[in-house]
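K.L.:
Got a file for you: model.csv, CSV, C-alpha atoms.
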```csv
chain,number,residue,atom,x,y,z
A,1,MET,CA,90.6,103.9,69.3
A,2,ASP,CA,91.2,107.7,69.2
A,3,ILE,CA,89.7,110.4,71.3
A,4,ARG,CA,87.5,111.7,68.6
A,5,VAL,CA,85.9,108.3,68.1
A,6,MET,CA,85.3,108.0,71.8
A,7,ARG,CA,83.5,111.3,71.9
A,8,TYR,CA,81.4,110.1,68.9
A,9,PHE,CA,80.6,106.9,70.7
A,10,LEU,CA,79.5,108.7,73.9
A,11,ALA,CA,77.2,111.0,71.9
A,12,VAL,CA,75.5,108.0,70.3
A,13,ALA,CA,75.2,106.3,73.7
A,14,ARG,CA,73.6,109.4,75.2
A,15,GLU,CA,71.3,110.2,72.4
A,16,GLU,CA,70.4,106.6,71.7
A,17,SER,CA,70.2,107.5,68.0
A,18,ILE,CA,72.8,107.9,65.3
A,19,THR,CA,70.7,110.6,63.7
A,20,ARG,CA,70.4,112.7,66.8
A,21,ALA,CA,74.0,112.2,67.8
A,22,ALA,CA,75.1,113.4,64.3
A,23,GLU,CA,73.0,116.5,64.8
A,24,VAL,CA,74.6,117.2,68.2
A,25,LEU,CA,78.1,116.6,66.8
A,26,HIS,CA,77.3,118.7,63.7
A,27,ILE,CA,78.4,116.0,61.3
A,28,SER,CA,76.4,113.9,58.7
A,29,GLN,CA,74.8,110.6,59.7
A,30,PRO,CA,76.6,108.2,57.2
A,31,PRO,CA,80.2,108.9,58.4
A,32,LEU,CA,79.1,108.6,62.0
A,33,SER,CA,77.4,105.3,61.4
A,34,ARG,CA,80.5,104.1,59.6
A,35,GLN,CA,82.8,105.2,62.5
A,36,MET,CA,80.6,103.2,64.9
A,37,LYS,CA,80.8,100.0,62.8
A,38,GLU,CA,84.5,100.4,62.4
A,39,LEU,CA,84.8,100.8,66.2
A,40,GLU,CA,82.9,97.5,66.7
A,41,ALA,CA,85.1,95.8,64.1
A,42,GLU,CA,88.3,97.1,65.8
A,43,LEU,CA,87.1,95.7,69.2
A,44,GLY,CA,85.6,92.6,67.8
A,45,LYS,CA,82.5,93.1,69.8
A,46,GLN,CA,79.0,94.4,69.2
A,47,LEU,CA,78.5,97.6,71.1
A,48,PHE,CA,75.0,98.6,70.0
A,49,ILE,CA,71.6,96.9,69.7
A,50,ARG,CA,70.0,98.8,66.8
A,51,GLY,CA,66.3,98.8,67.4
A,52,ALA,CA,63.5,100.4,65.3
A,53,LYS,CA,63.1,103.4,67.5
A,54,LYS,CA,66.4,103.7,69.5
A,55,ILE,CA,69.8,102.3,70.0
A,56,THR,CA,70.8,100.6,73.2
A,57,LEU,CA,74.1,99.4,74.5
A,58,THR,CA,75.2,95.8,74.8
A,59,ASP,CA,77.0,94.7,78.0
A,60,GLU,CA,80.3,95.4,76.2
A,61,GLY,CA,79.0,98.8,75.2
A,62,VAL,CA,78.1,99.7,78.8
A,63,ILE,CA,81.7,98.8,79.8
A,64,LEU,CA,83.2,100.9,77.0
A,65,ARG,CA,80.9,103.9,77.9
A,66,LYS,CA,82.1,103.8,81.5
A,67,ARG,CA,85.8,103.7,80.5
A,68,ALA,CA,85.4,106.2,77.8
A,69,GLU,CA,83.8,108.7,80.2
A,70,GLU,CA,86.7,108.2,82.6
A,71,MET,CA,89.3,108.6,79.9
A,72,LEU,CA,87.8,111.8,78.5
A,73,GLU,CA,87.3,113.2,82.0
A,74,LEU,CA,90.9,112.6,82.8
A,75,LEU,CA,92.0,114.0,79.4
A,76,ASP,CA,90.0,117.2,79.9
A,77,LYS,CA,91.3,117.6,83.4
A,78,THR,CA,94.9,117.1,82.2
A,79,THR,CA,94.4,119.6,79.4
A,80,SER,CA,93.0,122.2,81.8
A,81,GLU,CA,96.0,121.8,84.1
A,82,ILE,CA,98.6,122.1,81.4
A,83,LYS,CA,96.9,125.2,79.8
A,84,SER,CA,97.0,127.0,83.2
A,85,SER,CA,99.6,129.8,82.8
A,86,ASP,CA,102.5,130.4,85.2
A,87,ASN,CA,101.4,134.0,85.8
A,88,GLU,CA,97.6,133.4,86.3
A,89,ILE,CA,96.8,130.2,88.3
A,90,GLY,CA,93.5,128.7,87.4
A,91,GLY,CA,92.0,125.4,86.3
A,92,ASN,CA,89.6,122.9,88.0
A,93,ILE,CA,90.1,121.1,91.3
A,94,CYS,CA,88.1,117.9,91.7
A,95,ILE,CA,87.1,116.9,95.2
A,96,GLY,CA,85.2,113.8,96.2
A,97,SER,CA,83.4,113.6,99.6
A,98,GLY,CA,81.2,111.4,101.6
A,99,GLU,CA,78.3,113.0,103.5
A,100,THR,CA,79.8,115.0,106.4
A,101,ASP,CA,79.2,118.4,107.9
A,102,ALA,CA,83.0,118.9,107.8
A,103,PHE,CA,82.7,119.6,104.1
A,104,SER,CA,81.9,123.1,105.3
A,105,LEU,CA,85.7,123.5,106.1
A,106,ILE,CA,86.5,122.5,102.5
A,107,ALA,CA,84.0,125.1,101.2
A,108,LYS,CA,85.5,127.8,103.4
A,109,THR,CA,89.0,126.9,102.1
A,110,ALA,CA,87.8,127.1,98.5
A,111,ASN,CA,86.2,130.5,99.2
A,112,ASP,CA,89.3,131.8,100.9
A,113,LEU,CA,91.5,130.6,98.0
A,114,ARG,CA,89.1,132.2,95.4
A,115,LYS,CA,89.9,135.7,96.9
A,116,THR,CA,93.5,135.3,95.6
A,117,TYR,CA,93.0,133.0,92.7
A,118,PRO,CA,89.5,133.7,91.2
A,119,ASN,CA,90.1,131.5,88.1
A,120,ILE,CA,90.2,128.3,90.1
A,121,THR,CA,86.9,126.3,89.7
A,122,TYR,CA,85.8,123.2,91.5
A,123,SER,CA,84.1,119.9,90.7
A,124,ILE,CA,82.4,118.1,93.6
A,125,PHE,CA,81.8,114.4,93.5
A,126,SER,CA,79.6,112.8,96.2
A,127,GLY,CA,79.8,109.1,97.1
A,128,ASP,CA,80.9,106.6,99.7
A,129,ALA,CA,84.5,105.8,100.5
A,130,ALA,CA,84.8,103.0,97.9
A,131,HIS,CA,83.6,105.3,95.0
A,132,ILE,CA,85.8,108.2,96.1
A,133,THR,CA,89.0,106.1,96.5
A,134,GLU,CA,88.4,104.4,93.2
A,135,ARG,CA,88.2,107.8,91.4
A,136,LEU,CA,91.2,109.0,93.4
A,137,ASP,CA,93.3,106.0,92.4
A,138,ARG,CA,92.3,106.5,88.7
A,139,GLY,CA,93.3,110.1,88.8
A,140,LEU,CA,89.8,111.4,88.2
A,141,ILE,CA,89.7,113.5,91.3
A,142,ASP,CA,92.4,115.4,93.1
A,143,PHE,CA,91.3,115.0,96.7
A,144,GLY,CA,89.0,112.9,98.8
A,145,LEU,CA,87.3,113.8,102.1
A,146,LEU,CA,86.9,110.5,103.9
A,147,VAL,CA,85.2,109.5,107.2
A,148,GLU,CA,86.9,106.9,109.4
A,149,PRO,CA,87.7,104.1,108.9
A,150,VAL,CA,90.3,105.1,106.3
A,151,ASP,CA,93.3,103.2,104.9
A,152,LEU,CA,95.9,106.0,105.3
A,153,GLN,CA,98.9,103.9,104.2
A,154,ARG,CA,97.9,104.5,100.6
A,155,TYR,CA,97.7,108.3,100.7
A,156,ASP,CA,99.1,111.5,101.9
A,157,TYR,CA,96.6,113.3,104.0
A,158,ALA,CA,95.6,116.2,106.3
A,159,GLU,CA,93.5,115.3,109.4
A,160,LEU,CA,90.7,117.8,109.8
A,161,PRO,CA,90.1,119.5,113.2
A,162,ALA,CA,86.5,118.1,113.3
A,163,ARG,CA,84.7,115.0,114.3
A,164,ASP,CA,81.3,113.6,113.3
A,165,THR,CA,79.2,111.7,115.8
A,166,TRP,CA,77.1,108.7,115.0
A,167,GLY,CA,73.5,108.6,116.1
A,168,VAL,CA,70.0,107.4,115.0
A,169,LEU,CA,67.7,109.3,112.7
A,170,MET,CA,64.1,108.4,113.6
A,171,PRO,CA,60.5,109.5,113.1
A,172,GLU,CA,59.6,112.5,115.2
A,173,GLY,CA,57.3,111.5,118.1
A,174,CYS,CA,58.3,107.8,118.2
A,175,ALA,CA,59.0,106.2,121.6
A,176,LEU,CA,62.8,106.2,121.0
A,177,ALA,CA,62.7,110.0,120.4
A,178,GLU,CA,61.7,110.5,124.0
A,179,LYS,CA,65.2,109.4,125.1
A,180,ASP,CA,68.3,111.7,125.1
A,181,PHE,CA,70.6,108.9,123.8
A,182,VAL,CA,70.2,105.6,122.0
A,183,THR,CA,71.9,102.4,123.3
A,184,ALA,CA,72.8,99.3,121.3
A,185,GLU,CA,70.0,97.4,123.1
A,186,ASP,CA,67.5,99.9,121.9
A,187,LEU,CA,68.3,98.9,118.3
A,188,TRP,CA,68.4,95.1,118.5
A,189,ASP,CA,64.7,94.7,117.8
A,190,LYS,CA,64.3,97.7,115.5
A,191,PRO,CA,64.1,97.7,111.6
A,192,LEU,CA,67.4,99.4,110.8
A,193,ILE,CA,68.5,101.5,107.8
A,194,ILE,CA,72.3,101.4,107.5
A,195,SER,CA,74.9,102.9,105.2
A,196,ARG,CA,76.9,100.5,103.1
A,197,GLN,CA,80.1,101.9,104.6
A,198,THR,CA,78.8,101.3,108.2
A,199,GLU,CA,78.6,97.6,107.4
A,200,GLN,CA,82.4,97.5,107.1
A,201,ASP,CA,83.0,99.6,110.2
A,202,GLY,CA,84.6,97.5,112.9
A,203,ALA,CA,84.0,100.2,115.5
A,204,MET,CA,80.3,100.3,114.8
A,205,MET,CA,80.1,96.5,114.9
A,206,LYS,CA,81.7,96.5,118.3
A,207,TRP,CA,79.4,99.2,119.5
A,208,LEU,CA,76.3,97.3,118.3
A,209,GLY,CA,77.4,94.2,120.1
A,210,ARG,CA,75.8,92.1,117.3
A,211,SER,CA,76.7,91.0,113.8
A,212,PHE,CA,74.8,92.7,111.0
A,213,SER,CA,73.2,89.3,110.2
A,214,ALA,CA,71.7,89.2,113.7
A,215,LEU,CA,70.1,92.7,113.3
A,216,LYS,CA,66.9,93.6,111.5
A,217,VAL,CA,68.5,95.4,108.6
A,218,ALA,CA,65.5,96.6,106.5
A,219,ALA,CA,67.5,98.8,104.0
A,220,LYS,CA,70.9,100.0,103.1
A,221,TYR,CA,71.8,103.5,101.7
A,222,ASP,CA,74.6,105.5,100.1
A,223,LEU,CA,73.1,109.0,100.8
A,224,ILE,CA,71.3,109.8,104.0
A,225,TYR,CA,69.1,112.4,102.3
A,226,ASN,CA,67.3,109.6,100.4
A,227,ALA,CA,67.3,107.3,103.4
A,228,ALA,CA,65.6,110.0,105.5
A,229,HIS,CA,62.5,109.7,103.3
A,230,PHE,CA,62.3,106.1,104.4
A,231,VAL,CA,62.7,107.1,108.0
A,232,LYS,CA,60.0,109.8,107.7
A,233,ALA,CA,57.6,107.2,106.2
A,234,GLY,CA,58.1,105.0,109.3
A,235,PHE,CA,60.0,102.3,107.4
A,236,GLY,CA,62.9,102.1,110.0
A,237,TYR,CA,65.6,103.8,112.0
A,238,ALA,CA,68.7,105.1,110.2
A,239,ILE,CA,72.1,104.9,111.8
A,240,ALA,CA,73.7,108.1,110.5
A,241,LEU,CA,76.2,110.9,111.2
A,242,ASP,CA,75.0,114.0,112.9
A,243,LYS,CA,74.2,117.4,111.3
A,244,LEU,CA,73.3,116.1,107.9
A,245,ILE,CA,69.5,116.2,108.0
A,246,ASN,CA,67.1,118.9,109.1
A,247,ILE,CA,65.6,117.9,112.4
A,248,SER,CA,63.9,121.2,113.3
A,249,ASP,CA,60.5,121.0,115.0
A,250,GLY,CA,57.7,119.9,112.7
A,251,CYS,CA,60.0,118.3,110.0
A,252,GLY,CA,58.9,114.9,111.0
A,253,LEU,CA,62.4,113.6,112.0
A,254,ALA,CA,64.5,113.4,115.2
A,255,PHE,CA,68.1,112.5,115.8
A,256,ARG,CA,69.6,111.0,118.9
A,257,PRO,CA,73.3,110.3,119.5
A,258,LEU,CA,74.6,106.9,120.5
A,259,LEU,CA,75.5,106.0,124.1
A,260,PRO,CA,78.4,105.3,124.6
A,261,GLN,CA,79.2,108.1,122.2
A,262,LEU,CA,80.8,107.0,118.9
A,263,GLY,CA,82.7,109.6,117.0
A,264,VAL,CA,84.8,109.5,113.8
A,265,GLY,CA,87.7,111.5,112.5
A,266,LEU,CA,87.9,113.0,109.0
A,267,TYR,CA,90.7,113.2,106.6
A,268,LEU,CA,91.4,115.0,103.3
A,269,VAL,CA,93.5,112.5,101.3
A,270,TRP,CA,95.4,112.6,98.0
A,271,GLY,CA,97.6,110.3,96.0
A,272,ARG,CA,101.0,109.7,97.7
A,273,TYR,CA,102.9,110.2,94.5
A,274,GLN,CA,100.4,112.5,92.8
A,275,VAL,CA,101.7,115.3,90.5
A,276,PHE,CA,99.5,118.3,91.2
A,277,SER,CA,98.5,121.2,89.1
A,278,LYS,CA,99.4,124.6,90.4
A,279,ALA,CA,95.8,125.1,91.5
A,280,ALA,CA,95.8,121.9,93.5
A,281,GLN,CA,99.1,122.8,95.1
A,282,LYS,CA,97.6,126.1,96.3
A,283,PHE,CA,94.6,124.3,97.6
A,284,ILE,CA,96.7,122.0,99.8
A,285,GLU,CA,98.6,125.1,101.1
A,286,GLN,CA,95.3,126.8,101.9
A,287,VAL,CA,93.9,123.7,103.7
A,288,LYS,CA,97.0,123.3,105.8
A,289,GLN,CA,96.9,127.0,106.7
A,290,SER,CA,93.2,126.7,107.6
A,291,ILE,CA,93.7,123.8,109.9
A,292,GLY,CA,96.8,125.2,111.5
```
Would you write the structure of this file as structure tokens?
P.N.:
Amino acid sequence: MDIRVMRYFLAVAREESITRAAEVLHISQPPLSRQMKELEAELGKQLFIRGAKKITLTDEGVILRKRAEEMLELLDKTTSEIKSSDNEIGGNICIGSGETDAFSLIAKTANDLRKTYPNITYSIFSGDAAHITERLDRGLIDFGLLVEPVDLQRYDYAELPARDTWGVLMPEGCALAEKDFVTAEDLWDKPLIISRQTEQDGAMMKWLGRSFSALKVAAKYDLIYNAAHFVKAGFGYAIALDKLINISDGCGLAFRPLLPQLGVGLYLVWGRYQVFSKAAQKFIEQVKQSIG
């Protein structure tokens, strides 16, 4: 498999048509069709289901699409880093982050760095800790901003001078919103909406005083923005970090911190033996300067 064929394959997968993919690639249809058949023969697997109106991927095709996207993303990232000149530092810095208000510190760092190095650009990937560390381990992103709990033995890191606080996002005007804080007992009989990462958080388990199987877990989420729509609809109560959702008067939502308070630290992490581009090195220097 060569890079050109991978780009052809991804075009066919996206367009769901050999003809449309050929148009996008500015090549004729017969050679493209032949390339895809040769790719299937090379792998010994059928990659496409060729229907009357569109082409869909087989299970093997789906796997190849995911890996091909990762390979090309890494190739493009590497090419950009190498092409960056010694005299004019530029290129793309890839940052993965979970949902946290502390990302504002990353944004400020990037803005400060841009004043000196305006040719540095940024790609931002949002996801939970598992998705971020997977991409970090594969070299697809340079940095990950992670919320505790974090396995710091695998990475170099900078601890950020900020902490997020756990609380409960609830419908505005509900009985629980009349309280200043939420206790574990308040939640034992409530339909809960929890993040997938929270389920693995030993500190949260200890605070709740119950196993998740003993709670009324009505839904799980990756992004609190989407879960907030469920809360607003009255579906349940979301255990979430503070300062992520608008809770101004009239928005239909309220947020109350936990009691006893449960806070989490935040870490910017990167590969322990990672070879950085000049742009990424400057970013680390700027982060360390920002946090003192």
K.L.:
Taking only C-alpha atoms into account, name the residue in A:Thr100, A:Thr183, A:Ser28, A:Ser211 that is nearest to Arg256 in chain A.
P.N.:
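Among the listed residues, A:Thr183 lies closest to Arg256 in chain A.
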K.L.:
Pull the closest atom pair for each residue of range 177-224 of chain A that gets at most 8 Å from range 115-138 of chain A, along with the distance in Å to one decimal, counting all atoms listed in the file, ordering rows by chain and then ascending residue number, as JSON lines.
P.N.:
```
{"residue": "A:Gln197", "atom": "CA", "partner": "A:Asp128", "partner_atom": "CA", "distance": 6.8}
{"residue": "A:Asp222", "atom": "CA", "partner": "A:Asp128", "partner_atom": "CA", "distance": 6.4}
{"residue": "A:Leu223", "atom": "CA", "partner": "A:Gly127", "partner_atom": "CA", "distance": 7.7}
```
K.L.:
Would you pick out the contacts of Asp242 in chain A at 12 Å or less, using all atoms listed in the file, so that residues sharing its chain but fewer than 2 positions from it are not included, and give the list as a list in words?
P.N.:
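Selected residues are Glu99, Thr100, Asp101, Ala102, Arg163, Asp164, Thr165, Trp166, Gly167, Val168, Leu169, Ile224, Ala238, Ile239, Ala240, Leu244, Ile245, Asn246, Ile247, Ala254, Phe255, Arg256, Pro257, Leu258, Gln261, Leu262, Gly263 and Val264 of chain A.
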K.L.:
Please measure the separation of CA of Met36 in chain A and CA of Ala11 in chain A, giving the value in Å to one decimal.
P.N.:
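Going from CA of Met36 in chain A over to CA of Ala11 in chain A, I get 11.0 Å.
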K.L.:
Could you please determine the separation between CA of Ser33 in chain A and CA of Lys66 in chain A in Å, to one decimal place?
P.N.:
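CA of Lys66 in chain A lies at a distance of 20.7 Å from CA of Ser33 in chain A.
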K.L.:
Tell me which residues come within 12 Å of (66.2, 108.8, 101.2), as a PDB file with C-alpha atoms, in the coordinates of the input, counting only C-alpha atoms in the file's coordinates.
P.N.:
```
ATOM      1  CA  LEU A 169      67.700 109.300 112.700  1.00  0.00           C
ATOM      2  CA  ILE A 193      68.500 101.500 107.800  1.00  0.00           C
ATOM      3  CA  ILE A 194      72.300 101.400 107.500  1.00  0.00           C
ATOM      4  CA  SER A 195      74.900 102.900 105.200  1.00  0.00           C
ATOM      5  CA  ALA A 219      67.500  98.800 104.000  1.00  0.00           C
ATOM      6  CA  LYS A 220      70.900 100.000 103.100  1.00  0.00           C
ATOM      7  CA  TYR A 221      71.800 103.500 101.700  1.00  0.00           C
ATOM      8  CA  ASP A 222      74.600 105.500 100.100  1.00  0.00           C
ATOM      9  CA  LEU A 223      73.100 109.000 100.800  1.00  0.00           C
ATOM     10  CA  ILE A 224      71.300 109.800 104.000  1.00  0.00           C
ATOM     11  CA  TYR A 225      69.100 112.400 102.300  1.00  0.00           C
ATOM     12  CA  ASN A 226      67.300 109.600 100.400  1.00  0.00           C
ATOM     13  CA  ALA A 227      67.300 107.300 103.400  1.00  0.00           C
ATOM     14  CA  ALA A 228      65.600 110.000 105.500  1.00  0.00           C
ATOM     15  CA  HIS A 229      62.500 109.700 103.300  1.00  0.00           C
ATOM     16  CA  PHE A 230      62.300 106.100 104.400  1.00  0.00           C
ATOM     17  CA  VAL A 231      62.700 107.100 108.000  1.00  0.00           C
ATOM     18  CA  LYS A 232      60.000 109.800 107.700  1.00  0.00           C
ATOM     19  CA  ALA A 233      57.600 107.200 106.200  1.00  0.00           C
ATOM     20  CA  PHE A 235      60.000 102.300 107.400  1.00  0.00           C
ATOM     21  CA  GLY A 236      62.900 102.100 110.000  1.00  0.00           C
ATOM     22  CA  TYR A 237      65.600 103.800 112.000  1.00  0.00           C
ATOM     23  CA  ALA A 238      68.700 105.100 110.200  1.00  0.00           C
ATOM     24  CA  ALA A 240      73.700 108.100 110.500  1.00  0.00           C
ATOM     25  CA  ILE A 245      69.500 116.200 108.000  1.00  0.00           C
TER      26      ILE A 245
END
```
K.L.:
Give the answer as one residue: which of A:Ile89, A:Ile55, A:Ala41, A:Leu145 has the shortest atom-to-atom distance to Glu159 in chain A, using only C-alpha atoms?
P.N.:
A:Leu145
K.L.:
What does the distance from CA of Lys54 in chain A to CA of Glu42 in chain A come to in Å, to one decimal?
P.N.:
23.2 Å
K.L.:
Quick one: of A:Ala175, A:Val287, A:Leu10, A:Leu268, who's nearest to Glu70 in chain A, counting all atoms listed in the file?
P.N.:
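Going through A:Ala175, A:Val287, A:Leu10, A:Leu268 one by one, the smallest distance to Glu70 in chain A is for A:Leu10.
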K.L.:
Can you write out as a tab-separated table which residues of range 127-237 of chain A fall within 10 Å of range 103-112 of chain A, alongside each residue's closest atom pair and its distance in Å to one decimal, counting all atoms listed in the file and ordering rows by chain and ascending residue number?
P.N.:
```
residue	atom	partner	partner_atom	distance
A:Leu145	CA	A:Phe103	CA	7.7
A:Leu160	CA	A:Leu105	CA	8.4
A:Pro161	CA	A:Leu105	CA	9.3
A:Ala162	CA	A:Leu105	CA	9.0
```
K.L.:
Which residues come within 10 Å of Gly51 in chain A, counting only C-alpha atoms, excluding same-chain residues fewer than 5 positions away, as a PyMOL selection string?
P.N.:
chain A and resi 16-17+56
K.L.:
Include C-alpha atoms and write out the residues we just selected as a short mmCIF file (atom, residue, chain, number, x, y, z; two decimals), keeping the file's coordinate frame.
P.N.:
```cif
data_model
loop_
_atom_site.label_atom_id
_atom_site.label_comp_id
_atom_site.auth_asym_id
_atom_site.auth_seq_id
_atom_site.Cartn_x
_atom_site.Cartn_y
_atom_site.Cartn_z
CA GLU A 16 70.40 106.60 71.70
CA SER A 17 70.20 107.50 68.00
CA THR A 56 70.80 100.60 73.20
#
```
K.L.:
What residues have an atom no more than 12 Å from (75.0, 101.0, 76.5) in the file's own frame, counting all atoms listed in the file, and can you write them as an MDAnalysis selection string?
P.N.:
chainID A and resid 9:17 46:50 54:68
K.L.:
Using the selection just defined, write its residues with C-alpha atoms as a short mmCIF file (atom, residue, chain, number, x, y, z; two decimals), in the coordinates of the input.
P.N.:
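Done, and the output landed in result_15.cif:
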```cif
data_model
loop_
_atom_site.label_atom_id
_atom_site.label_comp_id
_atom_site.auth_asym_id
_atom_site.auth_seq_id
_atom_site.Cartn_x
_atom_site.Cartn_y
_atom_site.Cartn_z
CA PHE A 9 80.60 106.90 70.70
CA LEU A 10 79.50 108.70 73.90
CA ALA A 11 77.20 111.00 71.90
CA VAL A 12 75.50 108.00 70.30
CA ALA A 13 75.20 106.30 73.70
CA ARG A 14 73.60 109.40 75.20
CA GLU A 15 71.30 110.20 72.40
CA GLU A 16 70.40 106.60 71.70
CA SER A 17 70.20 107.50 68.00
CA GLN A 46 79.00 94.40 69.20
CA LEU A 47 78.50 97.60 71.10
CA PHE A 48 75.00 98.60 70.00
CA ILE A 49 71.60 96.90 69.70
CA ARG A 50 70.00 98.80 66.80
CA LYS A 54 66.40 103.70 69.50
CA ILE A 55 69.80 102.30 70.00
CA THR A 56 70.80 100.60 73.20
CA LEU A 57 74.10 99.40 74.50
CA THR A 58 75.20 95.80 74.80
CA ASP A 59 77.00 94.70 78.00
CA GLU A 60 80.30 95.40 76.20
CA GLY A 61 79.00 98.80 75.20
CA VAL A 62 78.10 99.70 78.80
CA ILE A 63 81.70 98.80 79.80
CA LEU A 64 83.20 100.90 77.00
CA ARG A 65 80.90 103.90 77.90
CA LYS A 66 82.10 103.80 81.50
CA ARG A 67 85.80 103.70 80.50
CA ALA A 68 85.40 106.20 77.80
#
```
K.L.:
Nearest residue to Cys251 in chain A out of A:Tyr8, A:Thr79, A:Glu172, A:Tyr273, using all atoms listed in the file?
P.N.:
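Checking each candidate against Cys251 in chain A, we get A:Glu172 as the closest.
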K.L.:
Pick out the residues sitting within 12 Å of Gln281 in chain A, and hand them over as a tab-separated table (two decimals) with C-alpha atoms, in the frame of the given file; count only C-alpha atoms, and ignore anything fewer than 3 positions along from it in its own chain.
P.N.:
```tsv
chain	number	residue	atom	x	y	z
A	81	GLU	CA	96.00	121.80	84.10
A	89	ILE	CA	96.80	130.20	88.30
A	90	GLY	CA	93.50	128.70	87.40
A	91	GLY	CA	92.00	125.40	86.30
A	92	ASN	CA	89.60	122.90	88.00
A	93	ILE	CA	90.10	121.10	91.30
A	113	LEU	CA	91.50	130.60	98.00
A	120	ILE	CA	90.20	128.30	90.10
A	142	ASP	CA	92.40	115.40	93.10
A	143	PHE	CA	91.30	115.00	96.70
A	270	TRP	CA	95.40	112.60	98.00
A	274	GLN	CA	100.40	112.50	92.80
A	275	VAL	CA	101.70	115.30	90.50
A	276	PHE	CA	99.50	118.30	91.20
A	277	SER	CA	98.50	121.20	89.10
A	278	LYS	CA	99.40	124.60	90.40
A	284	ILE	CA	96.70	122.00	99.80
A	285	GLU	CA	98.60	125.10	101.10
A	286	GLN	CA	95.30	126.80	101.90
A	287	VAL	CA	93.90	123.70	103.70
A	288	LYS	CA	97.00	123.30	105.80
```
K.L.:
With distances taken over all atoms listed in the file, which of A:Gly265, A:Gly250, A:Gly44, A:Pro30 is nearest to Ala158 in chain A?
P.N.:
A:Gly265
K.L.:
Pick out the closest residue to Met71 in chain A from this set: A:Gly252, A:Pro149, A:Gly209, A:Gly139. Count all atoms listed in the file.
P.N.:
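Residue with the minimum atom-to-atom distance to Met71 in chain A: A:Gly139.
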K.L.:
I need range 120-164 of chain A from the structure I supplied, saved as an mmCIF file, in the first residue's frame with C-alpha atoms retained.
P.N.:
```cif
data_model
loop_
_atom_site.group_PDB
_atom_site.id
_atom_site.type_symbol
_atom_site.label_atom_id
_atom_site.label_comp_id
_atom_site.auth_asym_id
_atom_site.auth_seq_id
_atom_site.Cartn_x
_atom_site.Cartn_y
_atom_site.Cartn_z
ATOM 1 C CA ILE A 120 2.078 28.617 14.191
ATOM 2 C CA THR A 121 -1.417 27.188 13.758
ATOM 3 C CA TYR A 122 -3.429 24.895 16.013
ATOM 4 C CA SER A 123 -5.640 21.847 15.672
ATOM 5 C CA ILE A 124 -7.935 21.143 18.628
ATOM 6 C CA PHE A 125 -9.311 17.684 19.300
ATOM 7 C CA SER A 126 -12.069 17.230 21.892
ATOM 8 C CA GLY A 127 -12.730 13.939 23.634
ATOM 9 C CA ASP A 128 -12.534 12.026 26.873
ATOM 10 C CA ALA A 129 -9.265 10.888 28.458
ATOM 11 C CA ALA A 130 -9.248 7.535 26.657
ATOM 12 C CA HIS A 131 -9.589 9.126 23.211
ATOM 13 C CA ILE A 132 -6.997 11.788 23.958
ATOM 14 C CA THR A 133 -4.350 9.405 25.328
ATOM 15 C CA GLU A 134 -4.923 7.016 22.415
ATOM 16 C CA ARG A 135 -4.215 9.792 19.918
ATOM 17 C CA LEU A 136 -1.280 10.991 21.992
ATOM 18 C CA ASP A 137 0.238 7.498 22.082
ATOM 19 C CA ARG A 138 -0.184 7.198 18.314
ATOM 20 C CA GLY A 139 1.583 10.507 17.731
ATOM 21 C CA LEU A 140 -1.528 12.109 16.226
ATOM 22 C CA ILE A 141 -1.547 14.968 18.736
ATOM 23 C CA ASP A 142 1.285 16.781 20.494
ATOM 24 C CA PHE A 143 -0.351 17.552 23.826
ATOM 25 C CA GLY A 144 -3.293 16.411 25.889
ATOM 26 C CA LEU A 145 -5.089 18.425 28.563
ATOM 27 C CA LEU A 146 -6.407 15.867 31.035
ATOM 28 C CA VAL A 147 -8.588 16.036 34.112
ATOM 29 C CA GLU A 148 -7.794 13.819 37.089
ATOM 30 C CA PRO A 149 -7.466 10.883 37.473
ATOM 31 C CA VAL A 150 -4.415 10.798 35.173
ATOM 32 C CA ASP A 151 -1.737 8.107 34.776
ATOM 33 C CA LEU A 152 1.274 10.447 34.879
ATOM 34 C CA GLN A 153 3.859 7.639 34.821
ATOM 35 C CA ARG A 154 3.489 7.395 31.069
ATOM 36 C CA TYR A 155 4.002 11.078 30.271
ATOM 37 C CA ASP A 156 5.929 14.237 30.921
ATOM 38 C CA TYR A 157 3.586 16.930 32.108
ATOM 39 C CA ALA A 158 2.930 20.392 33.494
ATOM 40 C CA GLU A 159 0.392 20.752 36.292
ATOM 41 C CA LEU A 160 -1.856 23.714 35.608
ATOM 42 C CA PRO A 161 -2.564 26.284 38.345
ATOM 43 C CA ALA A 162 -6.295 25.586 38.192
ATOM 44 C CA ARG A 163 -8.799 23.143 39.604
ATOM 45 C CA ASP A 164 -12.251 22.201 38.403
#
```
